[in-house]
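Next up, final.cif (mmCIF, C-alpha atoms):
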```
data_entry
#
loop_
_atom_site.label_atom_id
_atom_site.label_comp_id
_atom_site.auth_asym_id
_atom_site.auth_seq_id
_atom_site.Cartn_x
_atom_site.Cartn_y
_atom_site.Cartn_z
CA MET S 1 -50.17 204.41 18.65
CA LEU S 2 -49.89 206.95 21.44
CA THR S 3 -52.94 208.70 22.87
CA THR S 4 -53.13 212.49 23.03
CA GLY S 5 -52.26 212.38 26.72
CA GLU S 6 -49.23 210.25 26.02
CA TRP S 7 -48.07 212.58 23.27
CA SER S 8 -48.22 215.51 25.66
CA ILE S 9 -46.07 213.52 28.09
CA VAL S 10 -43.52 212.97 25.31
CA LEU S 11 -43.56 216.65 24.34
CA LEU S 12 -43.20 217.73 27.97
CA SER S 13 -40.22 215.38 28.38
CA LEU S 14 -38.55 216.76 25.26
CA LYS S 15 -39.18 220.31 26.44
CA VAL S 16 -37.82 219.65 29.94
CA GLY S 17 -34.76 217.78 28.61
CA GLY S 18 -34.06 220.25 25.80
CA VAL S 19 -34.38 223.36 27.96
CA ALA S 20 -32.29 221.70 30.69
CA VAL S 21 -29.26 220.92 28.50
CA LEU S 22 -29.41 224.09 26.38
CA ALA S 23 -29.67 226.33 29.44
CA MET S 24 -26.91 224.39 31.17
CA LEU S 25 -24.58 224.36 28.15
CA PRO S 26 -22.92 227.78 28.72
CA ILE S 27 -22.39 226.95 32.39
CA ALA S 28 -21.08 223.48 31.60
CA PHE S 29 -18.73 224.89 28.95
CA ALA S 30 -17.41 227.57 31.30
CA LEU S 31 -16.81 225.01 34.06
CA ALA S 32 -15.17 222.59 31.63
CA TRP S 33 -12.91 225.35 30.37
CA LEU S 34 -11.96 226.37 33.94
CA LEU S 35 -11.16 222.77 34.86
CA ALA S 36 -9.28 222.04 31.62
CA ARG S 37 -7.30 225.24 31.22
CA VAL S 38 -6.99 227.31 34.36
CA ARG S 39 -4.97 226.63 37.49
CA PHE S 40 -6.49 228.12 40.60
CA PRO S 41 -6.71 227.27 44.30
CA GLY S 42 -9.71 225.12 45.16
CA LYS S 43 -9.83 223.50 41.74
CA VAL S 44 -10.11 220.01 43.24
CA LEU S 45 -13.01 221.24 45.34
CA LEU S 46 -14.85 222.70 42.33
CA ASP S 47 -14.24 219.49 40.42
CA ALA S 48 -15.78 217.51 43.29
CA VAL S 49 -18.80 219.80 43.60
CA VAL S 50 -19.50 219.56 39.85
CA HIS S 51 -19.40 215.77 40.10
CA LEU S 52 -21.59 215.53 43.20
CA PRO S 53 -24.88 214.93 41.33
CA LEU S 54 -23.22 211.92 39.72
CA VAL S 55 -22.43 210.20 43.02
CA VAL S 56 -25.02 211.52 45.47
CA PRO S 57 -28.36 209.61 45.44
CA PRO S 58 -30.71 211.57 43.11
CA VAL S 59 -33.29 211.76 45.88
CA VAL S 60 -30.78 213.69 47.99
CA THR S 61 -30.06 216.07 45.10
CA GLY S 62 -33.80 216.63 44.70
CA TRP S 63 -34.21 217.26 48.40
CA LEU S 64 -31.34 219.79 48.40
CA LEU S 65 -32.95 221.55 45.44
CA LEU S 66 -36.23 221.58 47.34
CA LEU S 67 -34.54 223.21 50.33
CA ALA S 68 -32.94 225.83 48.06
CA PHE S 69 -36.04 226.62 45.99
CA ALA S 70 -38.70 226.33 48.72
CA PRO S 71 -40.42 229.67 49.48
CA ALA S 72 -38.26 230.05 52.59
CA GLY S 73 -35.10 228.73 50.91
CA PRO S 74 -32.29 231.05 49.72
CA ILE S 75 -33.20 230.90 46.01
CA GLY S 76 -36.95 230.37 46.43
CA HIS S 77 -37.10 233.39 48.68
CA VAL S 78 -35.52 235.60 46.02
CA LEU S 79 -37.73 234.19 43.26
CA GLY S 80 -40.89 234.79 45.30
CA ARG S 81 -39.94 238.20 46.62
CA TRP S 82 -38.52 239.73 43.43
CA PHE S 83 -40.29 237.88 40.68
CA GLY S 84 -43.42 236.63 42.45
CA THR S 85 -42.89 233.15 41.07
CA THR S 86 -41.86 229.68 42.10
CA VAL S 87 -40.49 226.67 40.23
CA LEU S 88 -42.09 224.13 42.57
CA PHE S 89 -44.67 221.87 40.86
CA HIS S 90 -43.77 223.66 37.62
CA TRP S 91 -42.07 222.23 34.53
CA SER S 92 -39.21 224.71 34.92
CA GLY S 93 -38.44 223.01 38.25
CA ALA S 94 -38.27 219.65 36.45
CA ALA S 95 -35.88 221.28 33.97
CA ILE S 96 -33.70 222.56 36.84
CA ALA S 97 -33.53 219.08 38.38
CA ALA S 98 -32.68 217.55 35.00
CA ALA S 99 -30.05 220.23 34.32
CA VAL S 100 -28.30 219.68 37.65
CA MET S 101 -28.25 215.93 37.10
CA ALA S 102 -26.94 216.38 33.54
CA LEU S 103 -24.21 218.88 34.51
CA PRO S 104 -21.42 216.46 35.50
CA LEU S 105 -21.78 214.41 32.32
CA MET S 106 -21.76 217.53 30.15
CA VAL S 107 -18.73 218.99 31.93
CA ARG S 108 -16.81 215.71 31.63
CA ALA S 109 -17.38 215.37 27.90
CA ILE S 110 -16.58 219.00 27.11
CA ARG S 111 -13.56 219.06 29.41
CA LEU S 112 -12.08 215.98 27.74
CA SER S 113 -12.47 217.50 24.30
CA LEU S 114 -10.97 220.83 25.43
CA GLU S 115 -8.00 218.98 26.91
CA GLY S 116 -7.64 217.21 23.56
CA VAL S 117 -7.24 220.48 21.64
CA ASP S 118 -3.57 220.93 20.78
CA ARG S 119 -2.56 224.23 22.34
CA ARG S 120 0.22 224.55 19.79
CA LEU S 121 -2.52 225.19 17.21
CA GLU S 122 -3.74 228.12 19.30
CA GLN S 123 -0.16 229.40 19.45
CA ALA S 124 0.05 229.13 15.68
CA ALA S 125 -3.16 231.15 15.38
CA ARG S 126 -1.77 233.82 17.71
CA SER S 127 1.45 234.07 15.71
CA LEU S 128 -0.71 234.53 12.60
CA GLY S 129 -2.22 237.63 14.16
CA ALA S 130 -5.29 236.23 15.93
CA SER S 131 -6.32 237.76 19.25
CA PRO S 132 -6.89 235.32 22.12
CA MET S 133 -10.65 235.62 21.54
CA ARG S 134 -10.37 234.92 17.82
CA ALA S 135 -8.06 231.97 18.41
CA PHE S 136 -10.58 230.63 20.92
CA ALA S 137 -13.55 231.11 18.60
CA THR S 138 -11.94 229.86 15.39
CA ILE S 139 -9.62 227.13 16.65
CA THR S 140 -10.48 225.95 20.17
CA VAL S 141 -14.27 225.85 19.91
CA PRO S 142 -14.51 224.14 16.50
CA LEU S 143 -11.97 221.52 17.53
CA ALA S 144 -13.84 220.88 20.78
CA LEU S 145 -17.21 220.76 19.01
CA PRO S 146 -17.53 216.95 18.82
CA GLY S 147 -17.09 216.84 22.60
CA VAL S 148 -19.67 219.57 23.06
CA ILE S 149 -22.13 217.59 20.95
CA ALA S 150 -21.34 214.44 22.93
CA GLY S 151 -21.89 216.41 26.14
CA LEU S 152 -25.26 217.67 24.90
CA MET S 153 -26.30 214.16 23.94
CA LEU S 154 -25.21 212.58 27.22
CA GLY S 155 -26.82 215.40 29.18
CA PHE S 156 -30.05 215.13 27.20
CA ALA S 157 -30.21 211.37 27.75
CA ARG S 158 -29.58 211.88 31.46
CA ALA S 159 -32.22 214.62 31.61
CA LEU S 160 -34.75 212.46 29.78
CA GLY S 161 -34.20 209.62 32.24
CA GLU S 162 -34.23 211.79 35.34
CA PHE S 163 -36.53 210.38 38.01
CA GLY S 164 -35.40 210.60 41.65
CA ALA S 165 -34.40 214.26 41.85
CA THR S 166 -37.42 215.36 39.81
CA ILE S 167 -40.07 213.53 41.82
CA THR S 168 -38.51 214.68 45.10
CA PHE S 169 -38.10 218.28 43.98
CA VAL S 170 -41.24 219.08 41.96
CA SER S 171 -43.42 216.02 42.56
CA ASN S 172 -45.35 214.06 39.92
CA VAL S 173 -47.87 216.53 38.49
CA PRO S 174 -49.52 215.29 35.26
CA GLY S 175 -49.14 217.83 32.45
CA GLU S 176 -46.61 219.89 34.40
CA THR S 177 -43.76 217.85 35.91
CA GLN S 178 -44.75 214.34 34.83
CA THR S 179 -42.03 213.42 32.37
CA LEU S 180 -41.72 209.98 30.74
CA PRO S 181 -40.06 208.11 33.63
CA LEU S 182 -42.52 209.60 36.12
CA ALA S 183 -45.47 208.74 33.86
CA ILE S 184 -44.22 205.17 33.46
CA TYR S 185 -43.84 204.90 37.22
CA ALA S 186 -47.39 206.25 37.72
CA ALA S 187 -48.81 203.86 35.13
CA LEU S 188 -47.08 200.93 36.82
CA GLN S 189 -49.04 201.73 40.00
CA VAL S 190 -52.34 201.33 38.15
CA PRO S 191 -53.67 197.81 37.48
CA GLY S 192 -54.34 197.17 33.80
CA ALA S 193 -52.19 200.01 32.44
CA GLU S 194 -49.56 197.67 31.01
CA GLY S 195 -50.36 198.86 27.49
CA GLN S 196 -49.54 202.43 28.41
CA VAL S 197 -46.31 201.36 30.14
CA LEU S 198 -45.29 199.48 27.03
CA ARG S 199 -45.99 202.44 24.73
CA LEU S 200 -44.21 204.96 26.95
CA ALA S 201 -41.23 202.66 27.42
CA GLY S 202 -41.07 202.10 23.66
CA ILE S 203 -41.11 205.80 22.88
CA SER S 204 -38.36 206.35 25.49
CA VAL S 205 -36.14 203.85 23.72
CA ALA S 206 -36.96 205.41 20.34
CA ILE S 207 -36.11 208.95 21.50
CA ALA S 208 -32.81 207.80 23.01
CA PHE S 209 -31.94 205.95 19.83
CA VAL S 210 -32.70 208.91 17.57
CA ALA S 211 -30.75 211.28 19.84
CA LEU S 212 -27.76 208.95 19.73
CA LEU S 213 -27.80 208.68 15.93
CA ALA S 214 -28.34 212.41 15.47
CA SER S 215 -25.45 213.35 17.74
CA GLU S 216 -23.18 210.83 16.06
CA GLY S 217 -24.11 212.32 12.70
CA MET S 218 -23.44 215.85 13.91
CA ALA S 219 -20.14 214.88 15.51
CA ARG S 220 -19.01 213.29 12.25
CA ARG S 221 -19.95 216.37 10.33
CA ALA S 222 -18.08 218.48 12.88
CA GLY S 223 -15.06 216.71 11.47
CA ARG S 224 -11.97 214.74 12.30
CA GLY S 225 -13.83 211.43 12.39
CA THR S 226 -14.61 211.81 16.08
CA HIS S 227 -17.21 209.41 17.39
CA VAL S 228 -19.72 209.65 20.16
CA LEU S 229 -20.56 205.97 19.98
CA MET U 1 16.97 244.08 8.09
CA SER U 2 18.07 242.15 11.13
CA PHE U 3 17.57 240.64 14.53
CA ASP U 4 19.00 242.12 17.65
CA VAL U 5 18.51 239.57 20.42
CA ASP U 6 19.96 239.12 23.88
CA ILE U 7 17.76 237.00 26.10
CA ARG U 8 17.90 234.64 29.06
CA ARG U 9 15.34 232.18 30.28
CA GLN U 10 15.47 229.49 32.92
CA LEU U 11 13.54 226.36 31.89
CA GLY U 12 13.75 223.79 34.65
CA GLU U 13 17.41 222.89 35.09
CA VAL U 14 18.48 224.47 31.83
CA GLU U 15 19.37 228.07 31.36
CA ILE U 16 18.79 229.25 27.82
CA ALA U 17 20.86 232.24 26.87
CA CYS U 18 21.04 233.55 23.35
CA ARG U 19 22.71 236.52 21.79
CA ILE U 20 22.31 237.51 18.16
CA ALA U 21 24.09 240.63 16.98
CA PRO U 22 22.46 242.65 14.19
CA GLY U 23 23.45 241.63 10.68
CA ALA U 24 21.74 241.29 7.34
CA GLY U 25 20.10 238.24 5.77
CA VAL U 26 19.59 234.78 7.17
CA THR U 27 20.75 234.12 10.71
CA VAL U 28 21.14 230.45 11.52
CA LEU U 29 20.91 229.22 15.08
CA PHE U 30 22.96 226.06 14.96
CA GLY U 31 23.28 223.51 17.72
CA PRO U 32 22.39 220.04 18.96
CA SER U 33 18.81 218.93 19.58
CA GLY U 34 17.45 219.75 23.00
CA ALA U 35 19.62 222.82 23.52
CA GLY U 36 16.59 225.14 23.57
CA LYS U 37 16.76 226.52 20.06
CA THR U 38 12.99 226.27 19.63
CA SER U 39 12.54 228.14 22.92
CA VAL U 40 14.54 231.01 21.43
CA LEU U 41 12.17 231.14 18.44
CA ASN U 42 9.18 231.00 20.79
CA MET U 43 10.58 233.93 22.72
CA VAL U 44 11.09 235.95 19.55
CA ALA U 45 7.52 235.09 18.49
CA GLY U 46 6.15 236.09 21.89
CA LEU U 47 4.92 232.61 22.82
CA LEU U 48 7.44 232.28 25.67
CA ARG U 49 8.50 235.12 27.95
CA PRO U 50 12.21 235.61 28.55
CA ASP U 51 13.31 236.20 32.14
CA ALA U 52 15.42 239.10 31.04
CA GLY U 53 16.88 240.75 27.97
CA HIS U 54 15.66 242.38 24.82
CA ILE U 55 14.43 241.37 21.37
CA GLY U 56 14.37 243.74 18.44
CA VAL U 57 13.80 243.24 14.74
CA ASP U 58 14.58 245.94 12.23
CA GLY U 59 14.83 248.57 14.92
CA CYS U 60 11.40 247.67 16.32
CA THR U 61 11.47 246.50 19.93
CA LEU U 62 9.37 243.40 20.57
CA PHE U 63 10.54 242.75 24.10
CA ASP U 64 12.61 244.64 26.61
CA SER U 65 12.55 243.58 30.23
CA ARG U 66 14.09 246.82 31.45
CA ALA U 67 11.71 249.08 29.55
CA GLY U 68 8.75 246.82 30.38
CA ILE U 69 7.97 246.16 26.72
CA ASP U 70 6.41 242.82 25.80
CA LEU U 71 4.35 242.86 22.61
CA ARG U 72 1.62 240.26 22.35
CA PRO U 73 2.30 237.50 19.81
CA GLU U 74 -0.50 238.65 17.49
CA THR U 75 1.04 242.10 17.19
CA ARG U 76 4.62 240.97 16.50
CA ARG U 77 3.97 240.03 12.88
CA ALA U 78 6.17 236.95 13.04
CA GLY U 79 6.04 234.53 10.13
CA TYR U 80 6.59 231.46 12.25
CA VAL U 81 6.98 228.12 10.46
CA PHE U 82 6.95 225.55 13.24
CA GLN U 83 8.88 222.29 13.12
CA GLU U 84 5.63 220.33 12.81
CA PRO U 85 3.37 222.11 10.33
CA ARG U 86 0.56 222.88 12.83
CA LEU U 87 -2.02 223.27 10.09
CA PHE U 88 -5.53 223.70 11.48
CA PRO U 89 -7.09 220.25 10.97
CA HIS U 90 -10.68 221.50 10.70
CA LEU U 91 -9.90 223.98 7.92
CA SER U 92 -9.16 223.30 4.28
CA VAL U 93 -5.74 224.13 2.88
CA ARG U 94 -7.24 227.29 1.37
CA ALA U 95 -8.72 228.41 4.70
CA ASN U 96 -5.44 227.62 6.43
CA LEU U 97 -3.55 229.79 3.96
CA LEU U 98 -5.95 232.70 4.43
CA TYR U 99 -6.24 232.43 8.22
CA GLY U 100 -3.79 235.21 8.99
CA ARG U 101 -4.36 237.19 5.80
CA ARG U 102 -4.00 240.92 6.37
CA LYS U 103 -5.52 243.70 4.34
CA GLY U 104 -2.92 245.50 2.28
CA ALA U 105 -0.41 242.66 2.56
CA VAL U 106 2.62 242.87 0.31
CA MET U 107 2.48 239.27 -0.89
CA ASP U 108 -0.42 238.49 -3.17
CA VAL U 109 -2.22 235.20 -2.64
CA ASP U 110 -1.80 233.86 -6.16
CA GLY U 111 1.88 234.75 -6.13
CA VAL U 112 2.51 232.82 -2.93
CA ILE U 113 0.50 229.82 -4.15
CA GLN U 114 2.52 229.79 -7.34
CA LEU U 115 5.84 230.30 -5.59
CA LEU U 116 5.15 227.34 -3.32
CA GLY U 117 3.55 225.17 -5.99
CA ILE U 118 0.47 224.40 -3.89
CA ALA U 119 -2.30 225.35 -6.33
CA ALA U 120 -3.45 221.75 -6.58
CA LEU U 121 -3.78 221.39 -2.80
CA LEU U 122 -6.20 224.23 -2.06
CA ASP U 123 -9.33 222.15 -1.57
CA ARG U 124 -7.66 219.31 0.31
CA TRP U 125 -7.70 218.73 4.06
CA PRO U 126 -4.46 218.98 6.04
CA ARG U 127 -4.57 215.33 7.15
CA THR U 128 -4.38 214.20 3.51
CA LEU U 129 -1.14 216.09 2.81
CA SER U 130 2.31 214.56 2.77
CA GLY U 131 5.01 216.00 5.01
CA GLY U 132 6.52 218.12 2.26
CA GLU U 133 3.14 219.42 1.09
CA ALA U 134 2.11 220.33 4.64
CA LYS U 135 5.41 222.15 5.14
CA ARG U 136 4.90 224.20 2.00
CA VAL U 137 1.35 225.12 3.07
CA ALA U 138 2.67 226.12 6.50
CA ILE U 139 5.26 228.37 4.85
CA GLY U 140 2.55 229.87 2.61
CA ARG U 141 0.29 230.50 5.58
CA ALA U 142 3.07 232.34 7.38
CA LEU U 143 3.95 234.43 4.31
CA LEU U 144 0.34 235.45 3.65
CA ALA U 145 0.02 236.88 7.17
CA ASP U 146 2.35 239.61 5.88
CA PRO U 147 5.15 239.01 8.37
CA ARG U 148 7.92 241.47 9.20
CA PHE U 149 10.33 238.60 9.75
CA LEU U 150 10.45 234.83 9.36
CA LEU U 151 11.16 232.21 12.00
CA LEU U 152 11.92 228.76 10.60
CA ASP U 153 12.23 225.84 13.01
CA GLU U 154 14.11 222.89 11.49
CA PRO U 155 12.43 223.45 8.11
CA LEU U 156 13.84 220.22 6.67
CA ALA U 157 13.09 217.98 9.63
CA SER U 158 11.12 214.80 8.91
CA LEU U 159 11.39 215.24 5.15
CA ASP U 160 13.19 212.80 2.90
CA ARG U 161 16.19 214.01 0.90
CA LYS U 162 14.23 214.89 -2.24
CA ARG U 163 11.47 216.83 -0.43
CA GLY U 164 14.09 218.44 1.78
CA GLU U 165 15.98 219.64 -1.29
CA GLU U 166 12.76 221.14 -2.69
CA ILE U 167 12.13 223.07 0.51
CA LEU U 168 15.77 224.15 0.62
CA VAL U 169 15.56 225.58 -2.91
CA LEU U 170 12.32 227.29 -1.91
CA LEU U 171 13.93 228.85 1.15
CA GLU U 172 16.82 230.13 -0.95
CA ARG U 173 14.30 231.71 -3.28
CA LEU U 174 12.45 233.29 -0.34
CA ARG U 175 15.73 234.59 1.05
CA ASP U 176 16.67 236.21 -2.24
CA GLN U 177 13.22 237.54 -3.20
CA LEU U 178 11.57 238.72 0.02
CA ARG U 179 14.40 240.53 1.72
CA LEU U 180 12.84 239.70 5.09
CA PRO U 181 15.03 238.99 8.10
CA ILE U 182 15.06 235.23 8.62
CA LEU U 183 15.97 233.39 11.80
CA LEU U 184 16.44 229.70 11.12
CA VAL U 185 17.05 226.91 13.59
CA THR U 186 18.80 223.70 12.58
CA HIS U 187 20.99 220.92 13.91
CA ASP U 188 22.28 220.14 10.41
CA ARG U 189 25.62 221.71 9.55
CA GLY U 190 25.17 221.44 5.78
CA GLU U 191 21.81 223.19 5.96
CA ALA U 192 23.26 225.89 8.20
CA GLU U 193 26.18 226.61 5.86
CA ARG U 194 24.10 226.56 2.73
CA LEU U 195 21.36 228.94 3.91
CA GLY U 196 22.99 231.08 6.54
CA ASP U 197 24.60 234.44 6.03
CA ARG U 198 25.61 234.25 9.65
CA ILE U 199 25.76 231.23 11.93
CA VAL U 200 25.27 231.52 15.65
CA ALA U 201 26.53 228.43 17.49
CA PHE U 202 24.12 227.52 20.23
CA GLY U 203 24.22 225.10 23.15
#
```

Representation of the structure as structure tokens:
Amino acid sequence: MLTTGEWSIVLLSLKVGGVAVLAMLPIAFALAWLLARVRFPGKVLLDAVVHLPLVVPPVVTGWLLLLAFAPAGPIGHVLGRWFGTTVLFHWSGAAIAAAVMALPLMVRAIRLSLEGVDRRLEQAARSLGASPMRAFATITVPLALPGVIAGLMLGFARALGEFGATITFVSNVPGETQTLPLAIYAALQVPGAEGQVLRLAGISVAIAFVALLASEGMARRAGRGTHVL
Amino acid sequence: MSFDVDIRRQLGEVEIACRIAPGAGVTVLFGPSGAGKTSVLNMVAGLLRPDAGHIGVDGCTLFDSRAGIDLRPETRRAGYVFQEPRLFPHLSVRANLLYGRRKGAVMDVDGVIQLLGIAALLDRWPRTLSGGEAKRVAIGRALLADPRFLLLDEPLASLDRKRGEEILVLLERLRDQLRLPILLVTHDRGEAERLGDRIVAFG
């Protein structure tokens, strides 16, 4: 079984991945909605920017985050000056890296499901007296829910596997930014730690498997026989 | 008790122009498929904006391009029965029926359920309904929203003769009992003559 240290690595990974996707969800949903429903100039550009983390080498994404969040960087400067804090070498920085890397996958899944919602159903709701907000909340969101769950699952899996951007951005600090992939990498550098590598790799597979089954179950319950798998 | 419509709308190459003079009872918009009859209903319901003209029902102005009036669809109180039932797939038949329910509505829920013969369907899901059943639920849903007028788009489309006859009898009953203005769209001459008090040729 896992040692105490290994358990804390697992818990840290779950925390980083969970916080990353949950904090990113409103942003991902808003972007998906913009891209699916609204016509505006520069839409192609926004679409490309959202997808950048998917195509740019993760190390580059991590380096860009480092530039932005460094004490002299545009965001790091504000954080230090106004809040007296920094996300560097801190688990919240790992969560930011994971969230950025997860964003394109979340937006894609949610956008697809929003595009799949029959707008004639929203019209029917409006003609039945529903305000645009009520039609959105009672028709659009529930019908897009399987896609939202799929987006959360994909994003969480991506966040859990995040390596390049994280290690570049917030380094490999045990107990703070050392998530599962980083811990496995560190253990691989040490002679005789094969047992630990095996255990951490096994738990990674197990977490991914459980997440997949759970999201499939939730998506089925959300109705319409929609599948994530 | 009537529609007063005079609207124009350019849709691509086609210009849709429709004029309905006030008159009691069921007005049938009769014409070939693809002439834009559904667009007229959408404009009356507020789902499509006319380029110019006016729409009034029972002396209440829903749209008037000159006066700058354009009521939002949710405030028009249209009982719109679409050509395809458009039931909400994630809600049970019961929840569909009650979706637009208004406080103080004239029609009582049990009365509508009985009138439409859908008591046995309440706990089913829309995807398990036959075409005729779904159509009846869609009519019930529109009635329970306490509409000021009814819009029926090809109410017999995609139903076999027997189911179509059932819906037809039902519509006659609605016409005689509710005393609501009804605007009905059809391409079927028999249907138009049987239900319509007035027939407006279109397209």

Considering only C-alpha atoms, give me a table of residues in chain S that are at most 9 Å from chain U, with the closest atom pair and distance in Å for each, as CSV.
```
residue,atom,partner,partner_atom,distance
S:Arg120,CA,U:Arg86,CA,7.2
S:Leu121,CA,U:Arg86,CA,5.8
S:Gln123,CA,U:Leu47,CA,6.9
S:Ala124,CA,U:Arg86,CA,6.9
S:Ala125,CA,U:Gly100,CA,7.6
S:Arg126,CA,U:Glu74,CA,5.0
S:Ser127,CA,U:Glu74,CA,5.3
S:Leu128,CA,U:Gly100,CA,4.8
S:Gly129,CA,U:Glu74,CA,3.9
S:Ala130,CA,U:Glu74,CA,5.6
S:Ser131,CA,U:Glu74,CA,6.1
S:Pro132,CA,U:Glu74,CA,8.6
S:Ile139,CA,U:Phe88,CA,7.4
S:Pro142,CA,U:His90,CA,7.4
S:Leu143,CA,U:His90,CA,7.0
S:Ala222,CA,U:His90,CA,8.3
S:Gly223,CA,U:His90,CA,6.5
S:Arg224,CA,U:His90,CA,7.1
```

Resolved residues for the PyMOL selection byres ((chain S and resi 77-91) around 7) as a short mmCIF file (atom, residue, chain, number, x, y, z; two decimals) with C-alpha atoms, in the coordinates of the input:
```
data_model
loop_
_atom_site.label_atom_id
_atom_site.label_comp_id
_atom_site.auth_asym_id
_atom_site.auth_seq_id
_atom_site.Cartn_x
_atom_site.Cartn_y
_atom_site.Cartn_z
CA VAL S 16 -37.82 219.65 29.94
CA PRO S 71 -40.42 229.67 49.48
CA ALA S 72 -38.26 230.05 52.59
CA GLY S 73 -35.10 228.73 50.91
CA PRO S 74 -32.29 231.05 49.72
CA ILE S 75 -33.20 230.90 46.01
CA GLY S 76 -36.95 230.37 46.43
CA SER S 92 -39.21 224.71 34.92
CA GLY S 93 -38.44 223.01 38.25
CA ALA S 94 -38.27 219.65 36.45
CA ALA S 95 -35.88 221.28 33.97
CA VAL S 170 -41.24 219.08 41.96
CA SER S 171 -43.42 216.02 42.56
CA VAL S 173 -47.87 216.53 38.49
CA GLU S 176 -46.61 219.89 34.40
CA THR S 177 -43.76 217.85 35.91
#
```

All residues 9 Å or closer to stretch 27-42 of chain S, all atoms listed in the file, same chain fewer than 6 positions away omitted, as a PyMOL selection string:
chain S and resi 50+103-104+106-112+114-115+148+151

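With all atoms listed in the file taken into account, the protein and nucleic acid residues at most 6 Å from stretch 185-200 of chain U (excluding it and anything under 3 positions from it in its own chain) are Gly25, Val26, Thr27, Val28, Leu29, Phe30, Gly31, Pro32, Asp153 and Glu154 of chain U.
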
Can you work out the spacing between atom CA of U:Asp4 and atom CA of U:Ala35 in Å, to one decimal?
20.2 Å

Could you list the residues chosen by the PyMOL selection byres ((chain S and resi 150) around 10) in this structure as an mmCIF file with C-alpha atoms, keeping the file's coordinate frame?
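Produced file part.cif, reproduced below:
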```
data_model
loop_
_atom_site.group_PDB
_atom_site.id
_atom_site.type_symbol
_atom_site.label_atom_id
_atom_site.label_comp_id
_atom_site.auth_asym_id
_atom_site.auth_seq_id
_atom_site.Cartn_x
_atom_site.Cartn_y
_atom_site.Cartn_z
ATOM 1 C CA LEU S 105 -21.780 214.410 32.320
ATOM 2 C CA MET S 106 -21.760 217.530 30.150
ATOM 3 C CA ARG S 108 -16.810 215.710 31.630
ATOM 4 C CA ALA S 109 -17.380 215.370 27.900
ATOM 5 C CA ILE S 110 -16.580 219.000 27.110
ATOM 6 C CA SER S 113 -12.470 217.500 24.300
ATOM 7 C CA LEU S 145 -17.210 220.760 19.010
ATOM 8 C CA PRO S 146 -17.530 216.950 18.820
ATOM 9 C CA GLY S 147 -17.090 216.840 22.600
ATOM 10 C CA VAL S 148 -19.670 219.570 23.060
ATOM 11 C CA ILE S 149 -22.130 217.590 20.950
ATOM 12 C CA GLY S 151 -21.890 216.410 26.140
ATOM 13 C CA LEU S 152 -25.260 217.670 24.900
ATOM 14 C CA MET S 153 -26.300 214.160 23.940
ATOM 15 C CA LEU S 154 -25.210 212.580 27.220
ATOM 16 C CA GLY S 155 -26.820 215.400 29.180
ATOM 17 C CA PHE S 156 -30.050 215.130 27.200
ATOM 18 C CA LEU S 212 -27.760 208.950 19.730
ATOM 19 C CA SER S 215 -25.450 213.350 17.740
ATOM 20 C CA GLU S 216 -23.180 210.830 16.060
ATOM 21 C CA MET S 218 -23.440 215.850 13.910
ATOM 22 C CA ALA S 219 -20.140 214.880 15.510
ATOM 23 C CA THR S 226 -14.610 211.810 16.080
ATOM 24 C CA HIS S 227 -17.210 209.410 17.390
ATOM 25 C CA VAL S 228 -19.720 209.650 20.160
ATOM 26 C CA LEU S 229 -20.560 205.970 19.980
#
```

Under the rule that only C-alpha atoms are counted, which of U:Leu152, U:Ala24, U:Ala17, U:Val5 is the nearest residue to U:Asp176?
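The answer is U:Ala24, which sits nearest to U:Asp176.
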
Written as a PDB file with C-alpha atoms, in the frame of the given file, what is the full residue list that the PyMOL selection byres ((chain S and resi 6) around 10) yields on the file shown?
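The result, written out as part-v1.pdb:
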```pdb
ATOM      1  CA  MET S   1     -50.170 204.410  18.650  1.00  0.00           C
ATOM      2  CA  LEU S   2     -49.890 206.950  21.440  1.00  0.00           C
ATOM      3  CA  THR S   3     -52.940 208.700  22.870  1.00  0.00           C
ATOM      4  CA  THR S   4     -53.130 212.490  23.030  1.00  0.00           C
ATOM      5  CA  GLY S   5     -52.260 212.380  26.720  1.00  0.00           C
ATOM      6  CA  TRP S   7     -48.070 212.580  23.270  1.00  0.00           C
ATOM      7  CA  SER S   8     -48.220 215.510  25.660  1.00  0.00           C
ATOM      8  CA  ILE S   9     -46.070 213.520  28.090  1.00  0.00           C
ATOM      9  CA  VAL S  10     -43.520 212.970  25.310  1.00  0.00           C
ATOM     10  CA  LEU S  11     -43.560 216.650  24.340  1.00  0.00           C
ATOM     11  CA  LEU S  12     -43.200 217.730  27.970  1.00  0.00           C
ATOM     12  CA  GLY S 175     -49.140 217.830  32.450  1.00  0.00           C
ATOM     13  CA  LEU S 180     -41.720 209.980  30.740  1.00  0.00           C
ATOM     14  CA  ALA S 183     -45.470 208.740  33.860  1.00  0.00           C
ATOM     15  CA  GLN S 196     -49.540 202.430  28.410  1.00  0.00           C
ATOM     16  CA  ARG S 199     -45.990 202.440  24.730  1.00  0.00           C
ATOM     17  CA  LEU S 200     -44.210 204.960  26.950  1.00  0.00           C
ATOM     18  CA  ILE S 203     -41.110 205.800  22.880  1.00  0.00           C
TER      19      ILE S 203
END
```

I'd like to know which of S:Val21, S:Val49, S:Ala159, S:Leu14 is closest to S:Met101, using only C-alpha atoms.
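Using only C-alpha atoms, the shortest distance to S:Met101 belongs to S:Ala159.
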
If you measure from atom CA of U:Ile167 to atom CA of U:Ala95, what distance in Å do you get, rounded to one decimal?
21.9 Å

So how many Å separate atom CA of U:Ala157 and atom CA of U:Gln83, to one decimal?
7.0 Å
